[in-house]
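Peer 1: Quick one: the structure is below, questions incoming.
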There are 2 protein chains.
Amino acid sequence: MGRDTRQKILDSARELFSVHGYNGVSLQDIADTVGISKGNLTYHFSKKEEIMEELLSESQPSDQLGQPKTLQDMDALFLHMQQVVSQHSYYFLYHAQLSQLSPKIAEIQNRSYRTIRNLLKEAFCLFCEEGLFRKELFTGEYDCMVDALHMAISYWGPFSSLQKSIAIDMEYRRHAWSIIYHLLTEKGRAELKSIIQI
Amino acid sequence: MGRDTRQKILDSARELFSVHGYNGVSLQDIADTVGISKGNLTYHFSKKEEIMEELLSESQPSDQLGQPKTLQDMDALFLHMQQVVSQHSYYFLYHAQLSQLSPKIAEIQNRSYRTIRNLLKEAFCLFCEEGLFRKELFTGEYDCMVDALHMAISYWGPFSSLQKSIAIDMEYRRHAWSIIYHLLTEKGRAELKSIIQI
DNA sequence: GTCTATAAACCGATAGAC
DNA sequence: GTCTATCGGTTTATAGAC
């Protein structure tokens with residue numbers, strides 16, 4: 001039951017953190033949910049932080065992402081992000097708080113952010129070379145759109161949850177394409193049309 | 001010393017919350033900073049939530065904002081938002097968490113969000129009528145850009161703080177204009193040029 | 001590995017003297 | 001209005017039996 005208990009703890013913790021946030025969940029809550037004692041819990045994870053650290057490093061959003069080579073790849077990336085965000089809502093809802101938990105967590109987050117950023121920027125440049133994206137209107141426009149897209153990825157969950165009374169029923173994937181639609185050339189727009197209807 | 005102590009509590013609490021977040025600050029911390037006893041603190045605010053509620057309703061970002069009529073107004077709004085965000089960083093860093101604190105706080109946030117949203121959308125439509133903005137490329141493009149702008153307003157602080165090792169030294173005001181630059185017509189771009197250099 | 005028991009500290013909130 | 005003292009509850013973490 002060694003590995004098994006450890007995994008059960010992580011699963012229960014992830015679920016509880018998703019609903020109540022890091023501070024809203026005590027070790028007692030986790031132990032109760034798993035069905036073990038608090039003492040046993042601290043045998044596996046000596047500190048509460050360690051659970052979160054393992055949870056984050058276990059499944060980083062940027063893990064399984066490959067460099068997008070086509071608009072189709074980009075769309076798949078958006079779709080994938082949409083799933084990650086909904087499955088790891090606690091990560092995005094409380095990530096400012098999480099970064100203060102431990103230097104290790106801050107480092108994990110930072111690495112993830114840098115990865116996504118580079119992924120998007122390189123894709124933009126590639127699309128530009130292939131005539132799918134127009135050239136920059138001003139220096140730094142691509143960087144700005146990468147930031148906007150990145151911000152949308154990170155905060156789509158909390159942002160839309162705060163506005164549930166307003167009509168933001170549009171899913172993230174559509175929002176992402178809408179943000180960068182103006183960057184597409186005629187060729188790019190034609191190609192996108194076969195992928196998704198904006 | 002009646003009003004005085006109450007105000008001191010609010011000032012100290014705002015400062016502490018900004019750095020450590022709501023859960024990271026205890027009533028003891030606040031009392032110590034003000035230089036009063038914990039008992040005296042709970043005389044003024046019987047519950048911890050009440051401090052945050054008063055703090056939020058005291059200075060809502062959308063309070064002193066008028067409807068932007070010109071690009072100059074819009075720029076002033078961005079500038080104003082930039083100051084608000086830096087002065088009330090706790091509000092933006094922890095707003096997902098804060099909304100769960102009490103229904104009253106959730107309502108305050110929701111009203112604020114709706115106000116900013118409408119402010120931006122109406123300005124967009126006005127600018128379009130005046131030939132400063134081009135027409136929408138697709139239905140909902142304005143709404144999408146309003147969301148992107150709104151997200152940037154809300155999360156510029158936390159977003160840039162998480163990326164401090166990366167080159168995001170561009171201030172929020174410039175970022176906001178960059179996001180919507182592609183919406184400007186030739187006439188609009190000429191007018192913007194006299195306000196800010198993108 | 002898992003348990004019980006408990007330490008040690010801190011939390012928000014209350015009671016009552018002054 | 002301000003204080004001290006304290007209650008009842010919760011927290012993380014440890015010690016030791018099995």
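Every chain in the structure tokens takes a letter, A first, then B, and so on in the order presented; its residues are numbered from 1, and the ligands are numbered from 1 following the presented order.
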Can you check which residues of chain A have any atom within 12 Å of chain D? Use only C-alpha atoms (C1' of nucleotides) and format it as a PDB file with C-alpha atoms, in the first residue's frame.

Peer 2:
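In the end it all went to selection_25.pdb:
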ATOM      1  CA  ASN A  23      -5.610  27.728   2.944  1.00  0.00           C
ATOM      2  CA  GLY A  24      -9.142  26.384   2.962  1.00  0.00           C
ATOM      3  CA  VAL A  25      -7.965  22.799   3.303  1.00  0.00           C
ATOM      4  CA  SER A  26      -6.322  21.404   6.452  1.00  0.00           C
ATOM      5  CA  LEU A  27      -4.240  18.254   6.778  1.00  0.00           C
ATOM      6  CA  GLN A  28      -7.163  16.883   8.773  1.00  0.00           C
ATOM      7  CA  ASP A  29      -9.480  17.415   5.802  1.00  0.00           C
ATOM      8  CA  LYS A  38      -3.310  12.621  10.226  1.00  0.00           C
ATOM      9  CA  GLY A  39      -0.164  10.974  11.554  1.00  0.00           C
ATOM     10  CA  ASN A  40       0.035   8.717   8.543  1.00  0.00           C
ATOM     11  CA  LEU A  41      -0.428  11.690   6.284  1.00  0.00           C
ATOM     12  CA  THR A  42       2.544  13.510   7.755  1.00  0.00           C
ATOM     13  CA  TYR A  43       4.556  10.328   7.424  1.00  0.00           C
ATOM     14  CA  PHE A  45       4.458  14.411   3.464  1.00  0.00           C
ATOM     15  CA  SER A  46       6.235  15.993   6.400  1.00  0.00           C
ATOM     16  CA  LYS A  47       5.022  19.466   5.441  1.00  0.00           C
ATOM     17  CA  LYS A  48       1.837  20.715   3.862  1.00  0.00           C
ATOM     18  CA  GLU A  49       3.801  22.633   1.241  1.00  0.00           C
TER      19      GLU A  49
END

Peer 1: Near chain B, meaning an atom within 10 Å, which residues of chain C appear when counting only C-alpha atoms (C1' of nucleotides)? Write them as a ChimeraX atom specification.

Peer 2: /C:10-14

Peer 1: Pull N, CA and C atoms (P, O5', C5', C4', C3', O3' and C1' of nucleotides) from the residues just selected and write them as a short mmCIF file (atom, residue, chain, number, x, y, z; two decimals), in the first residue's frame.

Peer 2:
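The resulting again.cif:
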data_model
loop_
_atom_site.label_atom_id
_atom_site.label_comp_id
_atom_site.auth_asym_id
_atom_site.auth_seq_id
_atom_site.Cartn_x
_atom_site.Cartn_y
_atom_site.Cartn_z
P DC C 10 3.15 31.49 17.81
"O5'" DC C 10 1.74 31.63 17.09
"C5'" DC C 10 1.50 30.92 15.87
"C4'" DC C 10 0.01 30.87 15.63
"C3'" DC C 10 -0.67 32.22 15.82
"O3'" DC C 10 -1.09 32.73 14.56
"C1'" DC C 10 -1.94 30.40 16.75
P DC C 11 -1.74 34.18 14.48
"O5'" DC C 11 -3.27 33.87 14.26
"C5'" DC C 11 -3.66 32.88 13.31
"C4'" DC C 11 -5.11 32.48 13.55
"C3'" DC C 11 -6.01 33.65 13.90
"O3'" DC C 11 -6.47 34.25 12.71
"C1'" DC C 11 -6.47 31.73 15.29
P DG C 12 -7.01 35.72 12.74
"O5'" DG C 12 -8.50 35.54 13.26
"C5'" DG C 12 -9.37 34.69 12.56
"C4'" DG C 12 -10.63 34.47 13.37
"C3'" DG C 12 -11.45 35.73 13.63
"O3'" DG C 12 -12.84 35.43 13.48
"C1'" DG C 12 -10.85 34.74 15.69
P DA C 13 -13.89 36.65 13.61
"O5'" DA C 13 -14.32 36.58 15.14
"C5'" DA C 13 -14.89 35.38 15.63
"C4'" DA C 13 -15.07 35.47 17.14
"C3'" DA C 13 -15.81 36.72 17.62
"O3'" DA C 13 -17.04 36.34 18.23
"C1'" DA C 13 -13.89 36.24 18.97
P DT C 14 -17.97 37.50 18.94
"O5'" DT C 14 -17.64 37.31 20.48
"C5'" DT C 14 -17.56 35.99 21.02
"C4'" DT C 14 -17.29 36.07 22.51
"C3'" DT C 14 -18.08 37.14 23.25
"O3'" DT C 14 -18.69 36.56 24.40
"C1'" DT C 14 -15.77 37.35 23.73
#

Peer 1: Taking only C-alpha atoms into account, find every residue of chain B that has an atom no more than 8 Å from chain A, and write it out as a PDB file with N, CA and C atoms, in the first residue's frame.

Peer 2:
ATOM      1  N   GLY B  21      -1.386  39.085   1.797  1.00  0.00           N
ATOM      2  CA  GLY B  21      -2.679  38.494   1.472  1.00  0.00           C
ATOM      3  C   GLY B  21      -3.587  38.405   2.681  1.00  0.00           C
ATOM      4  N   ASN B  23      -5.301  35.854   4.151  1.00  0.00           N
ATOM      5  CA  ASN B  23      -5.052  34.769   5.098  1.00  0.00           C
ATOM      6  C   ASN B  23      -3.688  34.886   5.766  1.00  0.00           C
ATOM      7  N   LEU B  93      -4.305  40.777  -6.686  1.00  0.00           N
ATOM      8  CA  LEU B  93      -3.561  39.538  -6.466  1.00  0.00           C
ATOM      9  C   LEU B  93      -4.453  38.441  -5.913  1.00  0.00           C
ATOM     10  N   TYR B  94      -5.383  38.829  -5.055  1.00  0.00           N
ATOM     11  CA  TYR B  94      -6.153  37.819  -4.340  1.00  0.00           C
ATOM     12  C   TYR B  94      -7.640  37.897  -4.609  1.00  0.00           C
ATOM     13  N   ALA B  96      -9.769  36.461  -6.553  1.00  0.00           N
ATOM     14  CA  ALA B  96     -10.560  35.231  -6.641  1.00  0.00           C
ATOM     15  C   ALA B  96     -10.867  34.715  -5.236  1.00  0.00           C
ATOM     16  N   GLN B  97      -9.861  34.844  -4.386  1.00  0.00           N
ATOM     17  CA  GLN B  97      -9.995  34.425  -2.999  1.00  0.00           C
ATOM     18  C   GLN B  97     -10.972  35.341  -2.260  1.00  0.00           C
ATOM     19  N   SER B  99     -13.453  37.054  -3.348  1.00  0.00           N
ATOM     20  CA  SER B  99     -14.858  36.910  -3.733  1.00  0.00           C
ATOM     21  C   SER B  99     -15.540  35.809  -2.944  1.00  0.00           C
ATOM     22  N   GLN B 109     -17.282  43.384  -6.127  1.00  0.00           N
ATOM     23  CA  GLN B 109     -16.416  43.060  -7.259  1.00  0.00           C
ATOM     24  C   GLN B 109     -17.202  43.001  -8.552  1.00  0.00           C
ATOM     25  N   ASN B 110     -18.351  42.335  -8.480  1.00  0.00           N
ATOM     26  CA  ASN B 110     -19.150  42.146  -9.685  1.00  0.00           C
ATOM     27  C   ASN B 110     -19.615  43.479 -10.264  1.00  0.00           C
ATOM     28  N   TYR B 113     -16.695  45.188 -11.953  1.00  0.00           N
ATOM     29  CA  TYR B 113     -16.370  44.582 -13.234  1.00  0.00           C
ATOM     30  C   TYR B 113     -17.335  45.025 -14.323  1.00  0.00           C
ATOM     31  N   ARG B 114     -18.609  45.026 -13.962  1.00  0.00           N
ATOM     32  CA  ARG B 114     -19.625  45.406 -14.943  1.00  0.00           C
ATOM     33  C   ARG B 114     -19.429  46.850 -15.384  1.00  0.00           C
ATOM     34  N   LEU B 137     -14.052  43.083 -37.359  1.00  0.00           N
ATOM     35  CA  LEU B 137     -13.735  42.098 -38.401  1.00  0.00           C
ATOM     36  C   LEU B 137     -14.738  40.960 -38.354  1.00  0.00           C
ATOM     37  N   PHE B 138     -15.247  40.687 -37.143  1.00  0.00           N
ATOM     38  CA  PHE B 138     -16.263  39.633 -36.955  1.00  0.00           C
ATOM     39  C   PHE B 138     -17.112  40.020 -35.751  1.00  0.00           C
ATOM     40  N   GLU B 141     -15.905  40.952 -31.910  1.00  0.00           N
ATOM     41  CA  GLU B 141     -14.490  41.315 -31.799  1.00  0.00           C
ATOM     42  C   GLU B 141     -14.286  42.389 -30.727  1.00  0.00           C
ATOM     43  N   CYS B 144     -14.456  40.902 -27.384  1.00  0.00           N
ATOM     44  CA  CYS B 144     -13.234  40.156 -27.101  1.00  0.00           C
ATOM     45  C   CYS B 144     -12.111  41.081 -26.672  1.00  0.00           C
ATOM     46  N   MET B 145     -11.965  42.211 -27.393  1.00  0.00           N
ATOM     47  CA  MET B 145     -10.902  43.148 -27.045  1.00  0.00           C
ATOM     48  C   MET B 145     -11.163  43.817 -25.706  1.00  0.00           C
ATOM     49  N   ALA B 148     -10.003  41.321 -23.216  1.00  0.00           N
ATOM     50  CA  ALA B 148      -8.544  41.276 -23.152  1.00  0.00           C
ATOM     51  C   ALA B 148      -7.998  42.477 -22.388  1.00  0.00           C
ATOM     52  N   MET B 151      -8.947  42.089 -18.736  1.00  0.00           N
ATOM     53  CA  MET B 151      -8.086  41.100 -18.111  1.00  0.00           C
ATOM     54  C   MET B 151      -6.722  41.713 -17.824  1.00  0.00           C
ATOM     55  N   ALA B 152      -6.225  42.491 -18.756  1.00  0.00           N
ATOM     56  CA  ALA B 152      -4.937  43.149 -18.561  1.00  0.00           C
ATOM     57  C   ALA B 152      -5.003  44.119 -17.384  1.00  0.00           C
ATOM     58  N   TYR B 155      -5.183  41.854 -14.140  1.00  0.00           N
ATOM     59  CA  TYR B 155      -4.112  40.928 -13.807  1.00  0.00           C
ATOM     60  C   TYR B 155      -2.720  41.406 -14.196  1.00  0.00           C
ATOM     61  N   PRO B 158      -0.294  40.918 -10.882  1.00  0.00           N
ATOM     62  CA  PRO B 158       0.139  39.553 -10.629  1.00  0.00           C
ATOM     63  C   PRO B 158       0.877  38.923 -11.795  1.00  0.00           C
ATOM     64  N   PHE B 159       0.432  39.237 -12.997  1.00  0.00           N
ATOM     65  CA  PHE B 159       1.044  38.637 -14.183  1.00  0.00           C
ATOM     66  C   PHE B 159       2.496  39.066 -14.331  1.00  0.00           C
ATOM     67  N   LEU B 162       4.874  37.685 -11.622  1.00  0.00           N
ATOM     68  CA  LEU B 162       5.265  36.290 -11.793  1.00  0.00           C
ATOM     69  C   LEU B 162       6.350  36.136 -12.840  1.00  0.00           C
ATOM     70  N   GLN B 163       6.520  37.166 -13.644  1.00  0.00           N
ATOM     71  CA  GLN B 163       7.472  37.059 -14.741  1.00  0.00           C
ATOM     72  C   GLN B 163       8.627  38.018 -14.568  1.00  0.00           C
ATOM     73  N   ILE B 166      11.667  37.834 -16.615  1.00  0.00           N
ATOM     74  CA  ILE B 166      11.555  38.048 -18.055  1.00  0.00           C
ATOM     75  C   ILE B 166      11.387  39.552 -18.319  1.00  0.00           C
ATOM     76  N   HIS B 175       0.988  48.805 -22.647  1.00  0.00           N
ATOM     77  CA  HIS B 175       0.449  47.488 -22.991  1.00  0.00           C
ATOM     78  C   HIS B 175      -1.005  47.596 -23.451  1.00  0.00           C
ATOM     79  N   SER B 178      -1.225  48.949 -26.868  1.00  0.00           N
ATOM     80  CA  SER B 178      -0.724  47.966 -27.835  1.00  0.00           C
ATOM     81  C   SER B 178      -1.782  46.927 -28.175  1.00  0.00           C
ATOM     82  N   ILE B 179      -2.543  46.538 -27.161  1.00  0.00           N
ATOM     83  CA  ILE B 179      -3.573  45.520 -27.368  1.00  0.00           C
ATOM     84  C   ILE B 179      -4.612  45.961 -28.390  1.00  0.00           C
ATOM     85  N   HIS B 182      -4.437  47.806 -33.181  1.00  0.00           N
ATOM     86  CA  HIS B 182      -4.897  47.335 -34.499  1.00  0.00           C
ATOM     87  C   HIS B 182      -6.341  47.722 -34.784  1.00  0.00           C
ATOM     88  N   ILE B 198       3.802  54.542 -29.317  1.00  0.00           N
ATOM     89  CA  ILE B 198       3.770  53.075 -29.184  1.00  0.00           C
ATOM     90  C   ILE B 198       5.031  52.457 -29.769  1.00  0.00           C
TER      91      ILE B 198
END

Peer 1: Going by DSSP on the backbone, which residues of chain A come out as alpha helix (DSSP H)? List them as a VMD selection string.

Peer 2: chain A and resid 2 to 20 27 to 34 38 to 44 48 to 58 71 to 87 89 to 93 95 to 99 103 to 129 141 to 162 172 to 180 186 to 193

Peer 1: Fewer than 6 positions away in the same chain doesn't count, so skip those; otherwise give me all residues within 12 Å of A:Glu58, counting only C-alpha atoms (C1' of nucleotides), as a PyMOL selection string.

Peer 2: chain A and resi 7+10-11+14+50-52+64+88+105+108

Peer 1: Put chain B on top of chain A with a least-squares fit on all C-alpha atoms, paired in order, and send it back as a tab-separated table (two decimals) with C-alpha atoms, in the first residue's frame.

Peer 2:
chain	number	residue	atom	x	y	z
B	1	MET	CA	-0.47	0.02	-0.09
B	2	GLY	CA	2.66	2.20	-0.17
B	3	ARG	CA	2.48	4.02	-3.48
B	4	ASP	CA	-1.27	3.66	-3.38
B	5	THR	CA	-1.85	5.75	-0.26
B	6	ARG	CA	0.54	8.41	-1.45
B	7	GLN	CA	-1.37	8.70	-4.71
B	8	LYS	CA	-4.72	8.78	-2.93
B	9	ILE	CA	-3.45	11.67	-0.82
B	10	LEU	CA	-2.40	13.60	-3.91
B	11	ASP	CA	-5.73	12.94	-5.63
B	12	SER	CA	-7.81	14.04	-2.66
B	13	ALA	CA	-5.59	17.06	-2.02
B	14	ARG	CA	-5.85	18.21	-5.63
B	15	GLU	CA	-9.61	17.97	-5.50
B	16	LEU	CA	-9.89	19.82	-2.17
B	17	PHE	CA	-7.41	22.54	-3.15
B	18	SER	CA	-9.38	23.09	-6.36
B	19	VAL	CA	-12.50	23.93	-4.42
B	20	HIS	CA	-11.25	25.64	-1.26
B	21	GLY	CA	-7.74	26.86	-2.06
B	22	TYR	CA	-4.51	26.05	-0.24
B	23	ASN	CA	-5.30	27.86	3.01
B	24	GLY	CA	-8.87	26.65	2.99
B	25	VAL	CA	-7.83	23.02	3.31
B	26	SER	CA	-6.27	21.59	6.47
B	27	LEU	CA	-4.26	18.39	6.81
B	28	GLN	CA	-7.21	17.07	8.78
B	29	ASP	CA	-9.52	17.68	5.82
B	30	ILE	CA	-7.22	15.78	3.50
B	31	ALA	CA	-6.76	12.89	5.93
B	32	ASP	CA	-10.52	12.61	6.44
B	33	THR	CA	-11.20	12.58	2.70
B	34	VAL	CA	-8.60	9.90	2.05
B	35	GLY	CA	-9.79	7.95	5.06
B	36	ILE	CA	-6.49	7.86	6.93
B	37	SER	CA	-5.20	9.45	10.10
B	38	LYS	CA	-3.45	12.78	10.21
B	39	GLY	CA	-0.36	11.03	11.56
B	40	ASN	CA	-0.25	8.75	8.56
B	41	LEU	CA	-0.63	11.75	6.28
B	42	THR	CA	2.42	13.47	7.74
B	43	TYR	CA	4.32	10.23	7.40
B	44	HIS	CA	3.99	10.53	3.63
B	45	PHE	CA	4.36	14.31	3.46
B	46	SER	CA	6.21	15.81	6.40
B	47	LYS	CA	5.11	19.33	5.46
B	48	LYS	CA	1.93	20.67	3.89
B	49	GLU	CA	3.95	22.52	1.27
B	50	GLU	CA	5.39	19.26	0.00
B	51	ILE	CA	1.95	18.09	-1.10
B	52	MET	CA	1.48	21.21	-3.19
B	53	GLU	CA	5.01	21.04	-4.58
B	54	GLU	CA	4.48	17.47	-5.75
B	55	LEU	CA	1.04	18.34	-7.09
B	56	LEU	CA	2.46	21.16	-9.21
B	57	SER	CA	5.57	19.39	-10.50
B	58	GLU	CA	3.46	16.30	-11.21
B	59	SER	CA	1.41	18.00	-13.88
B	60	GLN	CA	2.74	21.23	-15.25
B	61	PRO	CA	0.61	22.75	-18.02
B	62	SER	CA	3.60	23.09	-20.30
B	63	ASP	CA	4.79	19.51	-19.90
B	64	GLN	CA	3.44	17.71	-22.91
B	65	LEU	CA	3.35	20.69	-25.23
B	66	GLY	CA	5.28	20.56	-28.48
B	67	GLN	CA	6.25	23.53	-30.59
B	68	PRO	CA	3.26	24.41	-32.82
B	69	LYS	CA	4.22	24.24	-36.50
B	70	THR	CA	0.81	24.84	-38.05
B	71	LEU	CA	-2.41	26.65	-37.19
B	72	GLN	CA	-3.83	23.20	-36.56
B	73	ASP	CA	-1.12	22.63	-33.94
B	74	MET	CA	-1.89	26.00	-32.38
B	75	ASP	CA	-5.55	25.10	-32.17
B	76	ALA	CA	-4.67	21.79	-30.52
B	77	LEU	CA	-2.55	23.72	-28.04
B	78	PHE	CA	-5.46	26.03	-27.17
B	79	LEU	CA	-7.73	23.02	-26.78
B	80	HIS	CA	-5.17	21.35	-24.57
B	81	MET	CA	-4.76	24.48	-22.45
B	82	GLN	CA	-8.51	24.70	-22.02
B	83	GLN	CA	-8.54	21.20	-20.54
B	84	VAL	CA	-5.52	21.84	-18.33
B	85	VAL	CA	-7.05	25.01	-16.97
B	86	SER	CA	-10.32	23.32	-16.06
B	87	GLN	CA	-8.58	20.31	-14.54
B	88	HIS	CA	-6.12	22.35	-12.49
B	89	SER	CA	-8.31	25.31	-11.60
B	90	TYR	CA	-6.68	25.71	-8.18
B	91	TYR	CA	-3.34	26.32	-9.85
B	92	PHE	CA	-4.67	29.28	-11.79
B	93	LEU	CA	-7.07	30.59	-9.16
B	94	TYR	CA	-4.43	30.83	-6.48
B	95	HIS	CA	-1.17	30.98	-8.37
B	96	ALA	CA	-0.10	34.36	-6.95
B	97	GLN	CA	-0.57	32.91	-3.50
B	98	LEU	CA	1.17	29.65	-4.39
B	99	SER	CA	4.28	31.40	-5.62
B	100	GLN	CA	4.79	32.75	-2.11
B	101	LEU	CA	4.57	29.30	-0.54
B	102	SER	CA	8.09	28.16	-1.32
B	103	PRO	CA	10.95	29.13	-3.64
B	104	LYS	CA	10.62	25.72	-5.29
B	105	ILE	CA	7.04	26.44	-6.31
B	106	ALA	CA	7.95	29.92	-7.55
B	107	GLU	CA	10.64	28.30	-9.70
B	108	ILE	CA	8.24	25.72	-11.12
B	109	GLN	CA	5.79	28.44	-12.07
B	110	ASN	CA	8.45	30.64	-13.58
B	111	ARG	CA	9.81	27.86	-15.75
B	112	SER	CA	6.31	27.00	-16.95
B	113	TYR	CA	5.59	30.63	-17.83
B	114	ARG	CA	8.80	31.01	-19.76
B	115	THR	CA	8.11	27.82	-21.71
B	116	ILE	CA	4.62	28.84	-22.80
B	117	ARG	CA	5.85	32.31	-23.70
B	118	ASN	CA	8.63	31.05	-25.94
B	119	LEU	CA	6.33	28.46	-27.48
B	120	LEU	CA	3.87	31.15	-28.55
B	121	LYS	CA	6.44	33.69	-29.67
B	122	GLU	CA	8.30	31.23	-31.87
B	123	ALA	CA	5.05	30.04	-33.41
B	124	PHE	CA	4.11	33.65	-34.18
B	125	CYS	CA	7.43	34.25	-35.95
B	126	LEU	CA	7.11	31.02	-37.91
B	127	PHE	CA	3.58	31.88	-39.01
B	128	CYS	CA	4.81	35.29	-40.11
B	129	GLU	CA	7.52	33.75	-42.27
B	130	GLU	CA	4.96	31.46	-43.85
B	131	GLY	CA	2.65	34.37	-44.66
B	132	LEU	CA	-0.08	33.26	-42.27
B	133	PHE	CA	0.50	36.20	-39.93
B	134	ARG	CA	0.91	39.79	-41.07
B	135	LYS	CA	4.00	41.71	-40.02
B	136	GLU	CA	4.01	43.70	-36.78
B	137	LEU	CA	2.26	47.10	-36.92
B	138	PHE	CA	4.81	48.33	-34.36
B	139	THR	CA	7.80	46.89	-32.57
B	140	GLY	CA	6.68	44.66	-29.74
B	141	GLU	CA	3.19	43.95	-31.09
B	142	TYR	CA	3.83	40.20	-31.19
B	143	ASP	CA	5.16	40.31	-27.62
B	144	CYS	CA	2.05	42.17	-26.56
B	145	MET	CA	-0.26	39.64	-28.19
B	146	VAL	CA	1.73	36.79	-26.65
B	147	ASP	CA	1.18	38.42	-23.26
B	148	ALA	CA	-2.52	38.88	-23.89
B	149	LEU	CA	-2.83	35.27	-25.00
B	150	HIS	CA	-0.77	34.08	-22.08
B	151	MET	CA	-2.85	36.11	-19.66
B	152	ALA	CA	-5.99	34.63	-21.15
B	153	ILE	CA	-4.55	31.15	-20.72
B	154	SER	CA	-3.67	31.77	-17.10
B	155	TYR	CA	-6.70	33.70	-15.97
B	156	TRP	CA	-9.54	32.49	-18.16
B	157	GLY	CA	-10.84	30.34	-15.32
B	158	PRO	CA	-10.88	32.90	-12.51
B	159	PHE	CA	-11.88	35.68	-14.87
B	160	SER	CA	-14.94	33.93	-16.24
B	161	SER	CA	-15.93	32.59	-12.82
B	162	LEU	CA	-16.05	36.13	-11.48
B	163	GLN	CA	-18.33	37.15	-14.30
B	164	LYS	CA	-20.69	34.21	-14.31
B	165	SER	CA	-23.70	36.50	-14.32
B	166	ILE	CA	-22.50	38.17	-17.50
B	167	ALA	CA	-22.54	36.49	-20.87
B	168	ILE	CA	-19.08	34.96	-21.08
B	169	ASP	CA	-20.15	31.56	-22.23
B	170	MET	CA	-17.64	31.62	-25.05
B	171	GLU	CA	-15.05	28.98	-24.38
B	172	TYR	CA	-11.39	29.74	-24.03
B	173	ARG	CA	-10.34	28.26	-27.36
B	174	ARG	CA	-12.60	30.61	-29.29
B	175	HIS	CA	-11.47	33.53	-27.17
B	176	ALA	CA	-7.81	32.80	-27.91
B	177	TRP	CA	-8.38	32.77	-31.66
B	178	SER	CA	-10.42	35.95	-31.43
B	179	ILE	CA	-7.58	37.74	-29.69
B	180	ILE	CA	-5.12	37.04	-32.48
B	181	TYR	CA	-7.52	36.95	-35.42
B	182	HIS	CA	-6.43	40.39	-36.59
B	183	LEU	CA	-2.87	39.12	-36.94
B	184	LEU	CA	-3.92	36.60	-39.60
B	185	THR	CA	-3.43	37.37	-43.28
B	186	GLU	CA	-6.08	36.48	-45.86
B	187	LYS	CA	-4.23	33.20	-46.36
B	188	GLY	CA	-4.15	32.60	-42.62
B	189	ARG	CA	-7.85	33.36	-42.22
B	190	ALA	CA	-8.76	30.97	-44.99
B	191	GLU	CA	-6.74	28.24	-43.34
B	192	LEU	CA	-8.26	28.95	-39.93
B	193	LYS	CA	-11.74	28.78	-41.40
B	194	SER	CA	-11.29	25.05	-42.01
B	195	ILE	CA	-10.31	24.56	-38.37
B	196	ILE	CA	-12.71	26.67	-36.35
B	197	GLN	CA	-15.55	29.09	-37.09
B	198	ILE	CA	-14.92	32.46	-35.39
